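Dumped start_2.cif below, it's mmCIF, C-alpha atoms and all ligand atoms:
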```
data_protein
#
loop_
_atom_site.label_atom_id
_atom_site.label_comp_id
_atom_site.auth_asym_id
_atom_site.auth_seq_id
_atom_site.Cartn_x
_atom_site.Cartn_y
_atom_site.Cartn_z
CA MET A 1 20.69 9.69 9.12
CA THR A 2 20.94 11.51 5.77
CA THR A 3 18.99 10.18 2.84
CA ASP A 4 22.27 9.78 0.98
CA SER A 5 22.83 6.25 2.16
CA LYS A 6 20.43 3.54 3.21
CA THR A 7 21.02 0.34 5.11
CA SER A 8 18.81 -2.72 4.67
CA PRO A 9 16.73 -3.68 7.75
CA SER A 10 19.01 -6.65 8.47
CA GLY A 11 22.04 -4.36 8.34
CA ALA A 12 23.62 -6.61 5.71
CA MET A 13 23.80 -4.00 2.98
CA THR A 14 24.36 -0.25 2.72
CA VAL A 15 24.04 1.67 -0.53
CA THR A 16 24.83 5.28 -1.26
CA ARG A 17 22.86 7.47 -3.64
CA ALA A 18 25.76 7.12 -6.10
CA ASP A 19 25.52 3.29 -5.85
CA ALA A 20 21.78 3.46 -6.55
CA GLU A 21 22.29 5.77 -9.55
CA GLU A 22 24.95 3.43 -10.91
CA ALA A 23 22.50 0.53 -10.61
CA VAL A 24 19.97 2.48 -12.71
CA ARG A 25 22.68 3.17 -15.35
CA LYS A 26 23.22 -0.58 -15.56
CA LEU A 27 19.49 -1.20 -15.99
CA LEU A 28 19.40 1.38 -18.80
CA CYS A 29 22.21 -0.50 -20.49
CA TRP A 30 20.34 -3.75 -19.87
CA ALA A 31 17.30 -2.21 -21.56
CA GLY A 32 19.46 -1.82 -24.66
CA ASP A 33 20.05 1.94 -24.54
CA ASP A 34 23.09 4.15 -23.96
CA PRO A 35 23.12 5.62 -20.42
CA ASP A 36 25.60 8.28 -21.63
CA ARG A 37 23.37 9.78 -24.30
CA GLU A 38 22.05 13.23 -23.46
CA GLY A 39 18.42 12.27 -22.86
CA LEU A 40 19.38 9.65 -20.28
CA LEU A 41 22.14 11.49 -18.40
CA ASP A 42 19.82 12.75 -15.64
CA THR A 43 17.62 9.66 -15.61
CA PRO A 44 19.48 7.76 -12.85
CA GLY A 45 19.11 10.75 -10.50
CA ARG A 46 15.43 11.08 -11.37
CA VAL A 47 14.76 7.36 -10.87
CA VAL A 48 16.51 7.35 -7.50
CA ARG A 49 14.45 10.38 -6.39
CA ALA A 50 11.30 8.65 -7.68
CA PHE A 51 12.21 5.59 -5.58
CA GLU A 52 12.38 7.82 -2.51
CA GLU A 53 8.81 8.85 -3.25
CA TYR A 54 7.51 5.38 -4.18
CA PHE A 55 8.97 3.81 -1.04
CA ALA A 56 8.63 6.61 1.50
CA GLY A 57 6.59 4.29 3.73
CA TYR A 58 9.65 2.48 5.09
CA ALA A 59 10.60 5.60 7.06
CA GLU A 60 7.18 5.90 8.73
CA ASP A 61 5.83 4.14 11.80
CA PRO A 62 2.07 3.37 11.84
CA ASP A 63 1.97 2.93 15.65
CA THR A 64 3.27 6.46 16.21
CA LEU A 65 0.84 7.77 13.62
CA LEU A 66 -2.17 6.11 15.29
CA SER A 67 -1.13 6.99 18.84
CA ARG A 68 -3.04 10.31 18.84
CA THR A 69 -6.64 9.41 19.65
CA PHE A 70 -9.72 11.21 20.95
CA GLU A 71 -11.90 9.93 23.78
CA GLU A 72 -14.63 12.61 23.96
CA THR A 73 -17.06 10.86 21.65
CA ASP A 74 -20.17 10.83 23.90
CA GLY A 75 -20.15 7.06 23.71
CA TYR A 76 -20.15 6.78 19.91
CA ASP A 77 -19.73 3.09 19.33
CA GLU A 78 -21.01 2.53 15.81
CA MET A 79 -18.99 1.76 12.75
CA VAL A 80 -16.55 4.32 11.32
CA VAL A 81 -15.97 3.79 7.61
CA LEU A 82 -13.56 5.53 5.26
CA LYS A 83 -14.24 4.39 1.74
CA GLU A 84 -12.45 4.60 -1.60
CA ILE A 85 -9.06 5.76 -0.35
CA PRO A 86 -6.94 5.75 -3.52
CA PHE A 87 -3.47 4.27 -3.31
CA GLU A 88 -0.43 3.62 -5.48
CA SER A 89 1.92 0.83 -4.54
CA HIS A 90 4.49 -1.43 -6.20
CA CYS A 91 4.55 -5.19 -6.37
CA GLU A 92 7.50 -6.81 -4.73
CA HIS A 93 7.94 -9.30 -7.57
CA HIS A 94 8.32 -6.99 -10.56
CA LEU A 95 8.42 -3.45 -9.03
CA ALA A 96 5.38 -2.76 -11.21
CA PRO A 97 2.66 -0.35 -10.02
CA ILE A 98 -0.38 -1.57 -8.14
CA LEU A 99 -3.19 0.98 -8.43
CA GLY A 100 -6.43 0.86 -6.56
CA LYS A 101 -8.48 1.86 -3.59
CA VAL A 102 -8.89 0.81 0.00
CA HIS A 103 -11.98 0.76 2.22
CA VAL A 104 -11.27 0.86 5.95
CA ALA A 105 -13.64 0.48 8.91
CA TYR A 106 -13.45 -0.03 12.63
CA LEU A 107 -15.79 -0.30 15.58
CA PRO A 108 -14.47 2.14 18.21
CA ASN A 109 -13.74 0.99 21.73
CA GLU A 110 -13.90 4.28 23.65
CA ARG A 111 -11.26 5.90 21.45
CA VAL A 112 -11.43 7.22 17.91
CA VAL A 113 -8.64 8.38 15.66
CA GLY A 114 -8.50 11.34 13.27
CA ILE A 115 -9.81 10.06 9.95
CA SER A 116 -6.84 11.39 8.00
CA LYS A 117 -4.69 9.00 10.02
CA LEU A 118 -6.54 6.04 8.51
CA ALA A 119 -5.67 7.32 5.03
CA ARG A 120 -2.08 7.89 6.19
CA VAL A 121 -1.82 4.29 7.41
CA VAL A 122 -2.85 3.18 3.93
CA GLU A 123 -0.08 5.41 2.51
CA ILE A 124 2.58 4.03 4.87
CA TYR A 125 1.96 0.45 3.75
CA ALA A 126 1.28 1.30 0.10
CA LYS A 127 4.58 3.14 -0.18
CA ARG A 128 6.51 -0.08 0.33
CA LEU A 129 7.10 -3.14 -1.82
CA GLN A 130 3.95 -5.18 -1.48
CA ILE A 131 1.73 -8.03 -2.30
CA GLN A 132 -1.90 -7.08 -1.95
CA GLU A 133 -2.75 -9.69 0.66
CA LYS A 134 0.02 -8.49 2.95
CA MET A 135 -0.87 -4.82 2.56
CA THR A 136 -4.52 -5.59 3.38
CA ALA A 137 -3.58 -7.50 6.55
CA GLN A 138 -0.99 -4.91 7.63
CA ILE A 139 -3.52 -2.06 7.50
CA ALA A 140 -6.12 -4.03 9.51
CA ASN A 141 -3.56 -5.25 12.03
CA ALA A 142 -2.10 -1.76 12.57
CA ILE A 143 -5.57 -0.36 13.33
CA THR A 144 -6.38 -3.32 15.57
CA SER A 145 -3.18 -3.08 17.57
CA ALA A 146 -3.16 0.71 17.97
CA LEU A 147 -6.86 1.42 18.67
CA LYS A 148 -7.88 -1.88 20.29
CA PRO A 149 -11.26 -1.52 18.52
CA LYS A 150 -14.10 -4.05 18.72
CA GLY A 151 -13.10 -4.91 15.19
CA ALA A 152 -11.43 -3.62 12.04
CA ALA A 153 -12.08 -4.32 8.37
CA VAL A 154 -10.10 -3.58 5.24
CA VAL A 155 -11.09 -4.26 1.63
CA VAL A 156 -8.66 -3.55 -1.20
CA GLN A 157 -9.47 -3.49 -4.89
CA ALA A 158 -6.54 -2.98 -7.25
CA SER A 159 -5.11 -3.57 -10.66
CA HIS A 160 -1.60 -4.95 -10.96
CA GLN A 161 0.42 -3.62 -13.86
CA CYS A 162 2.63 -6.68 -13.76
CA MET A 163 -0.46 -8.46 -15.12
CA THR A 164 -1.33 -5.65 -17.53
CA CYS A 165 1.88 -4.46 -19.17
CA ARG A 166 3.85 -7.68 -19.14
CA GLY A 167 3.51 -11.40 -18.40
CA VAL A 168 -0.04 -12.58 -18.90
CA HIS A 169 -1.20 -9.18 -20.37
CA LYS A 170 -4.70 -9.03 -18.91
CA PRO A 171 -5.87 -5.42 -18.59
CA GLY A 172 -9.12 -4.71 -16.77
CA VAL A 173 -8.62 -7.38 -14.12
CA ASP A 174 -8.94 -6.26 -10.51
CA MET A 175 -7.81 -8.19 -7.46
CA MET A 176 -10.06 -7.99 -4.39
CA THR A 177 -8.80 -8.77 -0.91
CA SER A 178 -10.40 -8.36 2.49
CA TYR A 179 -9.12 -8.78 6.01
CA MET A 180 -11.34 -8.50 9.08
CA THR A 181 -10.65 -8.67 12.78
CA GLY A 182 -12.90 -8.91 15.87
CA ARG A 183 -16.61 -8.29 15.35
CA PHE A 184 -16.25 -7.99 11.55
CA ARG A 185 -14.76 -11.47 11.43
CA GLU A 186 -17.11 -13.07 13.95
CA ASP A 187 -20.44 -11.43 13.14
CA ALA A 188 -21.90 -11.81 9.64
CA ARG A 189 -24.32 -8.88 10.17
CA THR A 190 -21.50 -6.46 11.05
CA ARG A 191 -19.51 -7.62 8.05
CA SER A 192 -22.54 -7.30 5.82
CA GLU A 193 -23.28 -3.73 7.08
CA PHE A 194 -19.72 -2.75 6.21
CA LEU A 195 -19.89 -4.31 2.77
CA THR A 196 -23.19 -2.54 2.09
CA LEU A 197 -21.75 0.82 3.24
CA ILE A 198 -18.82 0.52 0.85
CA GLY A 199 -21.11 -0.48 -2.02
CA ARG A 200 -19.00 -3.48 -2.74
CA ASN A 201 -21.01 -4.43 -5.80
CA ASN A 202 -20.84 -1.02 -7.41
CA ILE A 203 -17.23 0.10 -7.17
CA ARG A 204 -16.03 2.80 -9.54
CA LYS A 205 -12.52 2.65 -10.94
CA VAL A 206 -10.19 5.28 -9.47
CA HIS A 207 -7.32 4.70 -11.83
CA SER A 208 -7.82 3.74 -15.41
CA ILE A 209 -4.97 2.25 -17.32
N1 LIG B 1 -0.92 -13.28 -4.62
C1 LIG B 1 -0.39 -12.22 -5.25
N2 LIG B 1 0.31 -12.40 -6.38
C2 LIG B 1 0.82 -11.31 -6.96
C3 LIG B 1 0.66 -10.02 -6.47
N3 LIG B 1 1.30 -9.17 -7.31
C4 LIG B 1 1.83 -9.92 -8.29
N4 LIG B 1 1.55 -11.23 -8.08
C5 LIG B 1 1.92 -12.45 -8.82
O1 LIG B 1 3.16 -12.91 -8.39
C6 LIG B 1 3.51 -13.97 -9.25
C7 LIG B 1 4.99 -14.10 -9.40
O2 LIG B 1 5.13 -15.33 -10.10
P1 LIG B 1 6.45 -15.89 -10.75
O3 LIG B 1 6.09 -17.10 -11.54
O4 LIG B 1 7.48 -16.04 -9.68
O5 LIG B 1 6.91 -14.69 -11.67
P2 LIG B 1 6.73 -14.47 -13.24
O6 LIG B 1 7.43 -15.56 -14.01
O7 LIG B 1 7.16 -13.07 -13.56
O8 LIG B 1 5.16 -14.65 -13.42
P3 LIG B 1 4.13 -14.08 -14.49
O9 LIG B 1 3.61 -12.79 -13.96
O10 LIG B 1 3.04 -15.10 -14.57
O11 LIG B 1 4.87 -13.89 -15.78
C8 LIG B 1 2.76 -13.70 -10.54
O12 LIG B 1 1.77 -14.69 -10.66
C9 LIG B 1 2.08 -12.35 -10.28
O13 LIG B 1 0.85 -12.21 -10.96
C10 LIG B 1 -0.08 -9.86 -5.28
O14 LIG B 1 -0.29 -8.77 -4.74
N5 LIG B 1 -0.58 -10.99 -4.70
ZN ZN B 2 4.23 -8.10 -9.94
#
```

Could you take the file, read its structure, and then write that structure out as structure tokens?
Amino acid sequence: MTTDSKTSPSGAMTVTRADAEEAVRKLLCWAGDDPDREGLLDTPGRVVRAFEEYFAGYAEDPDTLLSRTFEETDGYDEMVVLKEIPFESHCEHHLAPILGKVHVAYLPNERVVGISKLARVVEIYAKRLQIQEKMTAQIANAITSALKPKGAAVVVQASHQCMTCRGVHKPGVDMMTSYMTGRFREDARTRSEFLTLIGRNNIRKVHSI
């Protein structure tokens, strides 16, 4: 399929690139400006290309990504933690940026995965329209279902620009979410080791607004 038309997952709607650019022209008019003035002539094309970047995650499959695993680990069965993975997403309510970082951990069950793949899973779900709770659960569930680990844990800390630049106007507020499966959920000591490793109480800001 070319990128010049896209069909919604239900199949109910197909839009061409020209349709999408026309929709942006209408939004520019809605903003109160003239879409035909020189400075805005190329804006619809740019916005549509930016959307392809912001929402590239719809075209990616986390199961395929996580299917390449390594078994020669000499029995390594302790926690694997990847902390402070920065991400940029967009909220599904306002299409406003969500900026933050993700901490991911799992307890291997014979197989490990290349660590870059954990960061790529974060990217796949971040580059979709999101709410933070769903993104947190999706990352943990993808790792759990692909690696069948003894447990997986995901903590997300992010600022939501729909709360900063509009609406309630509260800059400096971060939302924290966590989702744990298996041993992380059942065993307080495992959970606590993870939270200590990610320095939960001393988290630096990755993005400042
Ligand atoms: N739980 C949750 N809420 C979110 C997230 N991102 C944005 N929101 C909230 O989604 C809600 C949407 O509420 P609505 O009342 O339907 O929309 P609204 O009138 O634009 O709300 P305000 O933002 O309060 O102006 C707002 O409270 C947002 O702050 C998220 O990741 N998780
Ligand atoms: Zn929002």

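For the residues A:Lys148, A:Arg183, A:His94, A:Lys83, ranking by smallest atom-to-atom distance to Met163 in chain A using only C-alpha atoms places A:His94 first.
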
Taking all atoms of ligand LIG 1 (chain B) that the file lists and extending 6 Å past them on each side, where is the centre of the axis-aligned box and how long are its edges? Answer in Å to one decimal, as lines of an AutoDock Vina configuration file.
```
center_x = 3.3
center_y = -12.9
center_z = -10.2
size_x = 20.4
size_y = 20.3
size_z = 23.2
```

Please return, as a ChimeraX atom specification, all polymer residues that have at least one atom within 12 Å of the point (2.1, 7.1, 14.6); use all atoms listed in the file and the file's own coordinate frame. /A:59-69,113-114,116-118,120-121,124,142-143,145-147

Please identify the residues whose atoms come within 10 Å of ligand LIG 1 (chain B), using only C-alpha atoms and all ligand atoms, and report them as a PyMOL selection string. chain A and resi 89-98+129-136+158-169+175-177

Which one is closest to ligand ZN 2 (chain B): A:Thr181, A:Leu99, A:Lys6, A:Asp42? Count all atoms listed in the file. A:Leu99

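When CA of Val156 in chain A is paired with CA of Ala50 in chain A, their separation reads 24.3 Å.
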
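One distance worth recording is that between CA of Ser178 in chain A and CA of Pro86 in chain A, which is 15.7 Å.
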
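Taking all atoms listed in the file into account, Phe70 in chain A lies nearest to A:Ile115 out of the set A:Ala140, A:Val24, A:Ile115, A:Met13.
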
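Checking A:Val47, A:Ala31, A:Val102, A:Ala18 one by one against Phe87 in chain A, counting only C-alpha atoms, you find the shortest gap at A:Val102.
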
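Counting from CA of Pro9 in chain A, the distance to CA of Gln138 in chain A is 17.8 Å.
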
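With only C-alpha atoms as the atoms that count, the minimum distance from Gln157 in chain A to the choices A:Lys101, A:Arg111, A:Arg37, A:Arg46 is reached by A:Lys101.
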
Restricting to only C-alpha atoms, whichever of A:Val15, A:Leu107, A:Leu28, A:Ile85 is closest to Glu193 in chain A is A:Leu107
